[in-house]
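Structure file upload.cif (mmCIF, C-alpha atoms) is printed below.
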data_structure
#
loop_
_atom_site.label_atom_id
_atom_site.label_comp_id
_atom_site.auth_asym_id
_atom_site.auth_seq_id
_atom_site.Cartn_x
_atom_site.Cartn_y
_atom_site.Cartn_z
CA MET A 149 103.01 8.48 30.67
CA LYS A 150 106.29 6.95 31.80
CA LEU A 151 104.42 4.95 34.43
CA ILE A 152 102.11 3.53 31.75
CA SER A 153 104.94 2.39 29.49
CA LEU A 154 106.82 0.93 32.46
CA SER A 155 103.79 -1.04 33.61
CA ALA A 156 103.18 -2.17 30.03
CA LEU A 157 106.75 -3.49 29.86
CA LEU A 158 106.30 -5.33 33.15
CA PHE A 159 103.05 -6.80 31.89
CA VAL A 160 104.68 -8.02 28.67
CA ILE A 161 107.45 -9.65 30.71
CA PHE A 162 104.81 -11.28 32.92
CA LEU A 163 103.03 -12.63 29.85
CA GLY A 164 106.31 -13.99 28.48
CA VAL A 165 107.05 -15.83 31.74
CA LEU A 166 103.50 -17.19 31.75
CA PHE A 167 103.89 -18.39 28.19
CA ILE A 168 107.09 -20.23 29.05
CA TYR A 169 105.34 -21.86 32.00
CA VAL A 170 102.40 -22.89 29.84
CA ALA A 171 104.50 -24.05 26.89
CA GLU A 172 106.24 -26.64 29.08
CA ASP A 173 103.06 -28.71 29.04
CA ILE A 174 102.86 -28.92 25.24
CA PRO A 175 104.27 -32.26 24.05
CA ASP A 176 107.33 -32.16 21.81
CA PHE A 177 107.08 -32.85 18.11
CA GLY A 178 107.78 -36.49 17.40
CA ASP A 179 107.00 -37.54 20.97
CA PRO A 180 105.98 -41.21 20.63
CA TYR A 181 103.56 -40.95 23.54
CA SER A 182 101.49 -38.05 22.22
CA ALA A 183 98.23 -39.43 20.95
CA PRO A 184 98.24 -38.30 17.28
CA ASN A 185 101.60 -39.98 16.67
CA ARG A 186 100.38 -43.46 17.44
CA TYR A 187 99.91 -45.91 14.63
CA ILE A 188 96.37 -46.92 13.87
CA LYS A 189 97.15 -50.45 12.70
CA LEU A 190 99.74 -52.04 14.97
CA PHE A 191 100.45 -55.61 13.85
CA SER A 192 98.83 -58.91 12.97
CA MET A 193 99.34 -62.31 14.58
CA ASP A 194 98.25 -65.92 14.21
CA ALA A 195 94.69 -66.61 15.22
CA ALA A 196 95.27 -70.26 16.08
CA GLY A 197 93.69 -71.10 19.44
CA LEU A 198 93.32 -67.48 20.54
CA GLU A 199 89.73 -66.97 19.47
CA ASP A 200 88.14 -68.92 22.33
CA ASN A 201 90.23 -67.06 24.89
CA LEU A 202 89.22 -63.74 23.38
CA ASN A 203 85.54 -64.67 23.44
CA LYS A 204 85.86 -65.56 27.13
CA GLY A 205 87.43 -62.17 27.85
CA VAL A 206 90.94 -63.43 28.62
CA VAL A 207 93.88 -61.46 27.27
CA PRO A 208 96.30 -63.79 25.43
CA GLU A 209 99.97 -63.72 26.43
CA VAL A 210 101.05 -63.23 22.82
CA LEU A 211 99.15 -59.96 22.54
CA THR A 212 100.61 -58.53 25.75
CA SER A 213 104.18 -59.42 24.87
CA GLU A 214 103.83 -58.05 21.33
CA LEU A 215 102.45 -54.76 22.64
CA LYS A 216 105.27 -54.55 25.16
CA ALA A 217 107.78 -55.13 22.38
CA ILE A 218 106.32 -52.19 20.41
CA GLY A 219 106.90 -49.94 23.39
CA PHE A 220 103.60 -49.35 25.14
CA ARG A 221 103.86 -48.56 28.83
CA ASP A 222 102.76 -51.05 31.49
CA ASP A 223 99.54 -49.20 32.25
CA GLU A 224 98.62 -49.31 28.56
CA LEU A 225 98.52 -53.11 28.34
CA PRO A 226 95.02 -54.58 28.01
CA LEU A 227 93.32 -55.81 31.17
CA ARG A 228 90.30 -57.48 29.61
CA VAL A 229 88.74 -58.13 26.21
CA GLU A 230 85.12 -57.61 25.22
CA PRO A 231 83.60 -59.18 22.10
CA ILE A 232 81.66 -56.74 19.90
CA LYS A 233 80.39 -59.20 17.31
CA GLU A 234 81.60 -62.29 15.45
CA GLY A 235 85.32 -61.89 14.80
CA GLU A 236 85.74 -58.44 16.41
CA TRP A 237 86.93 -57.59 19.91
CA GLU A 238 87.82 -54.56 21.99
CA ALA A 239 90.64 -54.54 24.51
CA ILE A 240 90.24 -52.22 27.49
CA ILE A 241 92.91 -50.56 29.59
CA ILE A 242 92.84 -48.54 32.81
CA PRO A 243 95.60 -45.94 32.76
CA GLU A 244 97.57 -45.21 35.91
CA GLU A 245 95.85 -42.52 37.90
CA LYS A 246 98.06 -39.48 38.01
CA GLU A 247 96.97 -35.96 38.77
CA GLN A 248 98.28 -34.85 35.39
CA ASP A 249 96.04 -37.17 33.43
CA PHE A 250 93.11 -35.87 31.48
CA TYR A 251 91.09 -39.07 31.56
CA PRO A 252 91.93 -41.43 34.42
CA LYS A 253 89.25 -43.97 33.55
CA GLU A 254 88.59 -47.17 31.67
CA GLN A 255 89.38 -46.70 28.01
CA LYS A 256 88.74 -48.67 24.87
CA TYR A 257 92.25 -48.76 23.53
CA TYR A 258 92.81 -51.66 21.12
CA PHE A 259 90.61 -53.19 18.49
CA ILE A 260 91.16 -56.76 17.32
CA LYS A 261 89.69 -58.11 14.08
CA LYS A 262 89.86 -61.53 12.50
CA GLU A 263 91.08 -61.57 8.89
CA GLY A 264 91.23 -65.13 7.52
CA ALA A 265 93.65 -67.04 9.76
CA LYS A 266 95.21 -63.88 11.19
CA LEU A 267 94.22 -61.43 13.90
CA ASP A 268 94.83 -57.77 13.13
CA VAL A 269 95.42 -55.54 16.12
CA TYR A 270 94.48 -51.87 15.79
CA ARG A 271 94.74 -49.00 18.18
CA TYR A 272 91.72 -46.74 18.34
CA ALA A 273 92.33 -43.49 16.50
CA LEU A 274 91.91 -40.14 18.20
CA ILE A 275 88.91 -39.23 16.02
CA LYS A 276 87.10 -42.33 17.20
CA ARG A 277 87.72 -41.27 20.78
CA TYR A 278 86.29 -37.80 20.16
CA VAL A 279 83.17 -39.24 18.56
CA GLU A 280 82.52 -42.00 21.08
CA GLU A 281 83.72 -40.62 24.40
CA GLY A 282 83.40 -36.86 24.04
CA HIS A 283 79.83 -36.52 25.26
CA HIS A 284 80.56 -38.79 28.18
CA GLU A 285 83.73 -36.94 29.11
CA THR A 286 82.58 -33.35 28.78
CA GLU A 287 78.78 -33.43 29.32
CA VAL A 288 78.35 -31.27 26.19
CA PRO A 289 76.12 -32.78 23.49
CA ASN A 290 77.48 -30.67 20.60
CA MET A 291 80.48 -32.42 19.08
CA VAL A 292 81.77 -29.35 17.26
CA THR A 293 81.80 -27.29 20.44
CA TYR A 294 83.61 -29.78 22.63
CA ILE A 295 86.27 -30.45 20.05
CA LEU A 296 86.71 -26.73 19.32
CA ALA A 297 86.72 -25.41 22.88
CA ASP A 298 88.04 -28.31 24.93
CA TYR A 299 90.18 -30.83 23.07
CA ARG A 300 91.50 -28.13 20.74
CA GLY A 301 91.51 -25.30 23.26
CA TYR A 302 94.97 -24.01 22.40
CA ASP A 303 93.99 -23.81 18.75
CA THR A 304 90.89 -21.74 19.47
CA LEU A 305 92.81 -19.41 21.77
CA GLY A 306 95.14 -18.81 18.82
CA GLU A 307 92.22 -18.16 16.48
CA THR A 308 90.75 -15.61 18.86
CA THR A 309 94.12 -13.91 19.06
CA VAL A 310 94.29 -13.79 15.26
CA ILE A 311 90.92 -12.00 15.14
CA PHE A 312 92.05 -9.63 17.87
CA THR A 313 95.22 -8.88 15.91
CA ALA A 314 93.17 -8.17 12.78
CA GLY A 315 91.08 -5.68 14.73
CA VAL A 316 94.13 -3.93 16.15
CA ALA A 317 95.77 -3.78 12.70
CA VAL A 318 92.70 -2.16 11.10
CA MET A 319 92.54 0.28 13.99
CA LEU A 320 96.19 1.27 13.58
CA LEU A 321 95.97 1.67 9.80
CA LEU A 322 92.62 3.40 9.36
CA ARG A 323 91.85 5.37 12.50
CA ARG A 324 92.50 9.04 11.70
CA ARG A 325 89.88 11.00 13.58
CA GLU A 326 91.64 14.16 14.61
CA LYS A 327 94.15 16.14 12.62
CA ARG A 328 97.30 16.91 14.50
CA PRO A 329 97.82 20.54 15.54
CA GLU A 330 101.02 20.85 13.49
CA MET B 1227 86.09 20.73 15.45
CA ASN B 1228 86.39 18.11 12.82
CA THR B 1229 83.70 15.92 14.34
CA LYS B 1230 81.29 18.87 14.48
CA ASN B 1231 81.80 19.56 10.79
CA SER B 1232 81.19 15.99 9.86
CA GLU B 1233 78.14 15.93 12.11
CA ALA B 1234 76.67 18.86 10.23
CA GLY B 1235 77.44 17.22 6.90
CA GLU B 1236 75.95 14.00 8.17
CA GLY B 1237 72.72 15.78 9.08
CA LYS B 1238 72.36 17.24 5.59
CA GLU B 1239 73.10 14.01 3.75
CA ARG B 1240 70.87 11.82 5.85
CA ALA B 1241 67.21 12.35 5.11
CA GLY B 1242 66.23 10.51 8.28
CA ASP B 1243 63.85 7.96 6.88
CA VAL B 1244 61.19 7.23 9.50
CA ILE B 1245 60.49 3.71 8.26
CA VAL B 1246 64.13 2.61 8.23
CA GLU B 1247 64.84 4.13 11.62
CA THR B 1248 61.76 2.66 13.29
CA ILE B 1249 62.18 -0.81 11.85
CA SER B 1250 65.85 -1.00 12.74
CA ARG B 1251 65.18 0.37 16.22
CA LEU B 1252 62.67 -2.44 16.68
CA MET B 1253 64.93 -5.08 15.15
CA VAL B 1254 68.17 -4.40 17.02
CA PRO B 1255 67.11 -5.75 20.46
CA PHE B 1256 65.82 -8.95 18.90
CA ILE B 1257 69.02 -9.42 16.89
CA GLN B 1258 71.05 -8.95 20.06
CA LEU B 1259 68.86 -11.39 21.99
CA PHE B 1260 69.31 -13.94 19.21
CA ALA B 1261 73.07 -13.38 19.32
CA LEU B 1262 73.12 -14.07 23.06
CA TYR B 1263 71.03 -17.19 22.45
CA VAL B 1264 73.50 -18.44 19.85
CA ILE B 1265 76.45 -17.83 22.18
CA ILE B 1266 74.87 -19.45 25.25
CA HIS B 1267 73.45 -22.42 23.34
CA GLY B 1268 76.74 -23.12 21.60
CA ALA B 1269 77.11 -26.12 23.89
CA GLY B 1270 73.69 -27.60 23.23
CA GLY B 1271 73.06 -26.98 19.55
CA PRO B 1272 74.50 -25.28 16.52
CA GLY B 1273 76.23 -22.02 17.36
CA GLY B 1274 79.12 -20.80 19.43
CA GLY B 1275 81.20 -17.78 20.21
CA PHE B 1276 82.33 -16.90 16.69
CA GLN B 1277 78.85 -17.04 15.15
CA GLY B 1278 77.10 -15.27 18.01
CA GLY B 1279 79.74 -12.55 18.12
CA VAL B 1280 79.32 -11.83 14.42
CA ILE B 1281 75.52 -11.60 14.84
CA PHE B 1282 75.97 -9.20 17.75
CA GLY B 1283 78.35 -7.08 15.69
CA ALA B 1284 75.84 -7.08 12.82
CA SER B 1285 73.28 -5.43 15.08
CA PHE B 1286 75.65 -2.48 15.59
CA VAL B 1287 76.32 -2.35 11.87
CA LEU B 1288 72.55 -2.07 11.33
CA LEU B 1289 72.44 0.81 13.82
CA VAL B 1290 75.19 2.63 11.93
CA ILE B 1291 73.44 2.16 8.57
CA ALA B 1292 70.11 3.39 9.89
CA PHE B 1293 71.10 6.27 12.16
CA GLY B 1294 74.37 7.45 10.65
CA ILE B 1295 77.82 6.98 12.05
CA VAL B 1296 77.78 9.87 14.52
CA ASN B 1297 74.58 9.02 16.36
CA ALA B 1298 75.37 5.32 16.47
CA GLY B 1299 78.92 6.05 17.52
CA ASP B 1300 77.62 7.84 20.60
CA ARG B 1301 75.67 4.77 21.61
CA PHE B 1302 78.66 2.48 21.41
CA PRO B 1303 81.75 4.48 22.34
CA GLU B 1304 85.06 3.68 20.71
CA GLY B 1305 87.01 3.38 23.95
CA ALA B 1306 84.68 0.76 25.39
CA ASN B 1307 84.84 -1.12 22.10
CA THR B 1308 88.63 -1.26 22.25
CA ALA B 1309 88.46 -2.46 25.85
CA PHE B 1310 85.99 -5.22 24.90
CA MET B 1311 88.30 -6.34 22.11
CA SER B 1312 91.02 -7.31 24.53
CA LEU B 1313 88.62 -8.30 27.32
CA GLY B 1314 87.43 -11.34 25.38
CA VAL B 1315 90.95 -12.70 24.89
CA TYR B 1316 91.68 -12.01 28.56
CA ILE B 1317 88.59 -13.99 29.61
CA TYR B 1318 89.72 -16.92 27.48
CA ALA B 1319 93.29 -16.92 28.73
CA GLY B 1320 92.11 -16.19 32.28
CA VAL B 1321 89.85 -19.25 32.34
CA GLY B 1322 92.85 -21.27 31.17
CA LEU B 1323 94.96 -19.73 33.92
CA LEU B 1324 92.32 -20.45 36.59
CA CYS B 1325 92.80 -24.18 35.92
CA ILE B 1326 96.49 -23.87 36.82
CA ILE B 1327 95.73 -21.71 39.86
CA PHE B 1328 92.98 -23.90 41.33
CA SER B 1329 94.93 -27.12 40.90
CA ARG B 1330 98.11 -25.47 42.23
CA GLY B 1331 100.08 -26.14 39.06
CA ALA B 1332 99.08 -29.78 38.60
CA ALA B 1333 96.69 -29.36 35.66
CA GLN B 1334 97.48 -28.14 32.17
CA PHE B 1335 96.55 -24.75 30.79
CA LEU B 1336 92.91 -24.80 29.58
CA ASN B 1337 92.04 -28.06 31.38
CA TYR B 1338 88.65 -26.79 32.51
CA GLY B 1339 87.78 -29.74 34.73
CA PHE B 1340 89.90 -28.42 37.58
CA ILE B 1341 87.94 -25.18 38.06
CA PRO B 1342 85.74 -25.96 41.08
CA LEU B 1343 82.46 -24.58 39.76
CA THR B 1344 80.56 -27.77 40.60
CA THR B 1345 81.59 -31.06 42.17
CA HIS B 1346 81.61 -32.99 38.88
CA PHE B 1347 84.73 -32.98 36.73
CA GLU B 1348 82.69 -33.26 33.52
CA GLU B 1349 80.23 -30.50 34.48
CA ASN B 1350 83.19 -28.24 35.20
CA ARG B 1351 84.46 -28.86 31.69
CA ALA B 1352 81.06 -27.94 30.21
CA LEU B 1353 80.86 -24.71 32.24
CA GLY B 1354 84.46 -23.78 31.42
CA MET B 1355 83.63 -24.20 27.74
CA ASP B 1356 80.66 -21.82 28.15
CA LEU B 1357 82.90 -19.18 29.75
CA VAL B 1358 85.39 -19.54 26.93
CA GLU B 1359 82.64 -19.16 24.32
CA ILE B 1360 81.51 -15.93 26.01
CA GLY B 1361 85.07 -14.62 25.76
CA ILE B 1362 85.26 -15.48 22.07
CA GLY B 1363 81.89 -13.83 21.49
CA ILE B 1364 82.94 -10.56 23.15
CA THR B 1365 86.15 -10.36 21.11
CA VAL B 1366 84.50 -11.14 17.77
CA MET B 1367 81.66 -8.68 18.44
CA ALA B 1368 84.06 -5.87 19.29
CA VAL B 1369 86.38 -6.59 16.36
CA VAL B 1370 83.58 -6.70 13.77
CA THR B 1371 82.12 -3.45 15.09
CA SER B 1372 85.51 -1.78 15.28
CA ILE B 1373 86.49 -2.74 11.72
CA PHE B 1374 83.17 -1.43 10.38
CA PHE B 1375 83.40 1.82 12.36
CA ASN B 1376 86.96 2.46 11.20
CA LEU B 1377 86.13 1.81 7.53
CA ALA B 1378 83.04 3.99 7.69
CA TRP B 1379 84.70 6.88 9.52
CA LYS B 1380 87.62 7.19 7.19
CA ARG B 1381 85.86 8.65 4.19
CA GLU B 1382 84.45 11.77 5.82
CA PRO B 1383 87.57 13.76 6.77
CA GLU B 1384 89.09 13.02 3.33
CA GLU B 1385 86.05 14.34 1.50
CA GLY B 1386 86.09 17.42 3.69
CA GLY B 1387 89.75 17.91 2.83
CA GLU B 1388 89.06 17.65 -0.89
CA GLU B 1389 86.28 20.17 -0.77
CA GLU B 1390 88.46 22.68 1.00
#

If you convert what's in this file into structure tokens, what do you get?
Amino acid sequence: MKLISLSALLFVIFLGVLFIYVAEDIPDFGDPYSAPNRYIKLFSMDAAGLEDNLNKGVVPEVLTSELKAIGFRDDELPLRVEPIKEGEWEAIIIPEEKEQDFYPKEQKYYFIKKEGAKLDVYRYALIKRYVEEGHHETEVPNMVTYILADYRGYDTLGETTVIFTAGVAVMLLLRRREKRPE
Amino acid sequence: MNTKNSEAGEGKERAGDVIVETISRLMVPFIQLFALYVIIHGAGGPGGGFQGGVIFGASFVLLVIAFGIVNAGDRFPEGANTAFMSLGVYIYAGVGLLCIIFSRGAAQFLNYGFIPLTTHFEENRALGMDLVEIGIGITVMAVVTSIFFNLAWKREPEEGGEEE
């Protein structure tokens, strides 16, 4: 009996150490580089003379310098532009290939739209990424499943633990099979 | 002692309807097969671990309703149920841990692509998701069954106490 409680204590300590190791990977709250904290609309700039360049696929200097001023990293600056339809473009980046990265590939990152004489620059929202790239990135056709089990894996692990805790609580409160000999 | 008493009481109360017992005995394997289908096809269509686990648990609930708690309880022992409850969570967390182990600490927890099941990063993610769904299914199945068993068991010793 003493051996069991001792090994249980050791196991709990092991789980605590594991949790600390795992929790180091979770981004801090308010981290400007974590994806959900990015703005969706970034800024707007003058369209004069830029439209032809954009249609040819050349990235204008103004766009790059503006994005740098906002604080995007060097590997997040657009490398080329692709026209979608009249007055709308996509800018594509290739993030630096690190071992830590989830998706070291070409990414649609910015979206440029013509509004009157101005060009509005947007950054693609996370939802858009899930919808457009999820099938390609995970080889699972069901959108609900890949968001639930992959992109939101921590969340689902927590949900499973909640259900487990409910089961244990019911077991502790209601299980009275044998009367004690007293 | 107590279980024997309740078993005797159970036998008197339960008439043992042939129709109900036969139909439920026929139904249960198909319900369980459907539950496994829902869990495994969670990646390809509607479904997933939570839904499939609840369907699997419902098959045991049907067994309890048809055959009485004692007979059904023998088929699905309480100790194994408790073990399954934690086994599912362990499978989930273990798959997450495998990613760290196989990439020697480079990948994040639950980044399934780094488990070398196949040579493709994306295929690994799909297979890791399937493993995780199986873990969820086992936990949900065991918890649903356990909650129903505990609620159903509780009444009998109390009634016996009142009669005495």

Legend entry - Residue contacts of region 1265-1272 of chain B (10 Å, only C-alpha atoms) excluding same-chain residues fewer than 6 positions away, as a ChimeraX atom specification: /A:287-294,297 /B:1259,1278-1279,1281-1282,1352-1353,1355-1357,1359-1364

Pull out every residue of chain B that has at least one atom within 8 Å of chain A, counting all atoms listed in the file, and report them as a PDB file with C-alpha atoms, keeping the file's coordinate frame.
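Saved as out-v4.pdb:
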ATOM      1  CA  ASN B1228      86.390  18.110  12.820  1.00  0.00           C
ATOM      2  CA  THR B1229      83.700  15.920  14.340  1.00  0.00           C
ATOM      3  CA  GLY B1268      76.740 -23.120  21.600  1.00  0.00           C
ATOM      4  CA  ALA B1269      77.110 -26.120  23.890  1.00  0.00           C
ATOM      5  CA  GLY B1270      73.690 -27.600  23.230  1.00  0.00           C
ATOM      6  CA  GLY B1271      73.060 -26.980  19.550  1.00  0.00           C
ATOM      7  CA  PRO B1272      74.500 -25.280  16.520  1.00  0.00           C
ATOM      8  CA  GLY B1274      79.120 -20.800  19.430  1.00  0.00           C
ATOM      9  CA  MET B1311      88.300  -6.340  22.110  1.00  0.00           C
ATOM     10  CA  SER B1312      91.020  -7.310  24.530  1.00  0.00           C
ATOM     11  CA  VAL B1315      90.950 -12.700  24.890  1.00  0.00           C
ATOM     12  CA  TYR B1318      89.720 -16.920  27.480  1.00  0.00           C
ATOM     13  CA  ALA B1319      93.290 -16.920  28.730  1.00  0.00           C
ATOM     14  CA  ALA B1332      99.080 -29.780  38.600  1.00  0.00           C
ATOM     15  CA  ALA B1333      96.690 -29.360  35.660  1.00  0.00           C
ATOM     16  CA  GLN B1334      97.480 -28.140  32.170  1.00  0.00           C
ATOM     17  CA  PHE B1335      96.550 -24.750  30.790  1.00  0.00           C
ATOM     18  CA  LEU B1336      92.910 -24.800  29.580  1.00  0.00           C
ATOM     19  CA  ASN B1337      92.040 -28.060  31.380  1.00  0.00           C
ATOM     20  CA  TYR B1338      88.650 -26.790  32.510  1.00  0.00           C
ATOM     21  CA  GLU B1348      82.690 -33.260  33.520  1.00  0.00           C
ATOM     22  CA  GLU B1349      80.230 -30.500  34.480  1.00  0.00           C
ATOM     23  CA  ARG B1351      84.460 -28.860  31.690  1.00  0.00           C
ATOM     24  CA  ALA B1352      81.060 -27.940  30.210  1.00  0.00           C
ATOM     25  CA  MET B1355      83.630 -24.200  27.740  1.00  0.00           C
ATOM     26  CA  VAL B1358      85.390 -19.540  26.930  1.00  0.00           C
ATOM     27  CA  GLU B1359      82.640 -19.160  24.320  1.00  0.00           C
ATOM     28  CA  ILE B1362      85.260 -15.480  22.070  1.00  0.00           C
ATOM     29  CA  THR B1365      86.150 -10.360  21.110  1.00  0.00           C
ATOM     30  CA  VAL B1366      84.500 -11.140  17.770  1.00  0.00           C
ATOM     31  CA  VAL B1369      86.380  -6.590  16.360  1.00  0.00           C
ATOM     32  CA  VAL B1370      83.580  -6.700  13.770  1.00  0.00           C
ATOM     33  CA  SER B1372      85.510  -1.780  15.280  1.00  0.00           C
ATOM     34  CA  ILE B1373      86.490  -2.740  11.720  1.00  0.00           C
ATOM     35  CA  ASN B1376      86.960   2.460  11.200  1.00  0.00           C
ATOM     36  CA  LEU B1377      86.130   1.810   7.530  1.00  0.00           C
ATOM     37  CA  TRP B1379      84.700   6.880   9.520  1.00  0.00           C
ATOM     38  CA  LYS B1380      87.620   7.190   7.190  1.00  0.00           C
ATOM     39  CA  PRO B1383      87.570  13.760   6.770  1.00  0.00           C
TER      40      PRO B1383
END

Legend entry - Atom-to-atom span, CA of Leu1323 (chain B) and CA of Gly1275 (chain B), Å: 19.5 Å

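Residue nearest Gly1314 (chain B), chosen from B:Phe1256, B:Met1367, B:Thr1248, B:Gly1242 and counting only C-alpha atoms: B:Met1367.
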
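One distance worth recording is that between CA of Val279 (chain A) and CA of Ile240 (chain A), which is 17.3 Å.
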
Centre, edges in Å (one decimal): axis-aligned box, region 1287-1303 of chain B, 3 Å padding on all six sides, as AutoDock Vina command-line options:
--center_x 75.9 --center_y 3.8 --center_z 15.5 --size_x 17.6 --size_y 18.2 --size_z 19.8

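Interatomic distance, CA of Ile260 (chain A) against CA of Trp237 (chain A): 5.0 Å.
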
Legend entry - Ground truth for the PyMOL selection byres ((chain A and resi 223) around 12), written as a PyMOL selection string: chain A and resi 212+215-216+219-222+224-227+240-246+252-255+257

Inset, instruction - Mind checking which residues fall within 8 Å of region 1285-1294 of chain B, counting only C-alpha atoms, ignoring those fewer than 5 positions away in the same chain, and posting them as a list of chain:residue names? - result: B:Glu1236, B:Arg1240, B:Gly1242, B:Val1246, B:Glu1247, B:Ser1250, B:Arg1251, B:Val1254, B:Ile1257, B:Gln1258, B:Gly1299, B:Thr1371, B:Phe1374

Legend entry - Result set, the PyMOL selection byres ((chain A and resi 210) around 12) on current file, as a PyMOL selection string: chain A and resi 191-198+201-202+206-209+211-217+225-226+267+269

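Take the candidates B:Leu1324, B:Leu1313, B:Ile1245, B:Ala1378 and check each one against Phe1340 (chain B) using all atoms listed in the file; the shortest distance goes to B:Leu1324.
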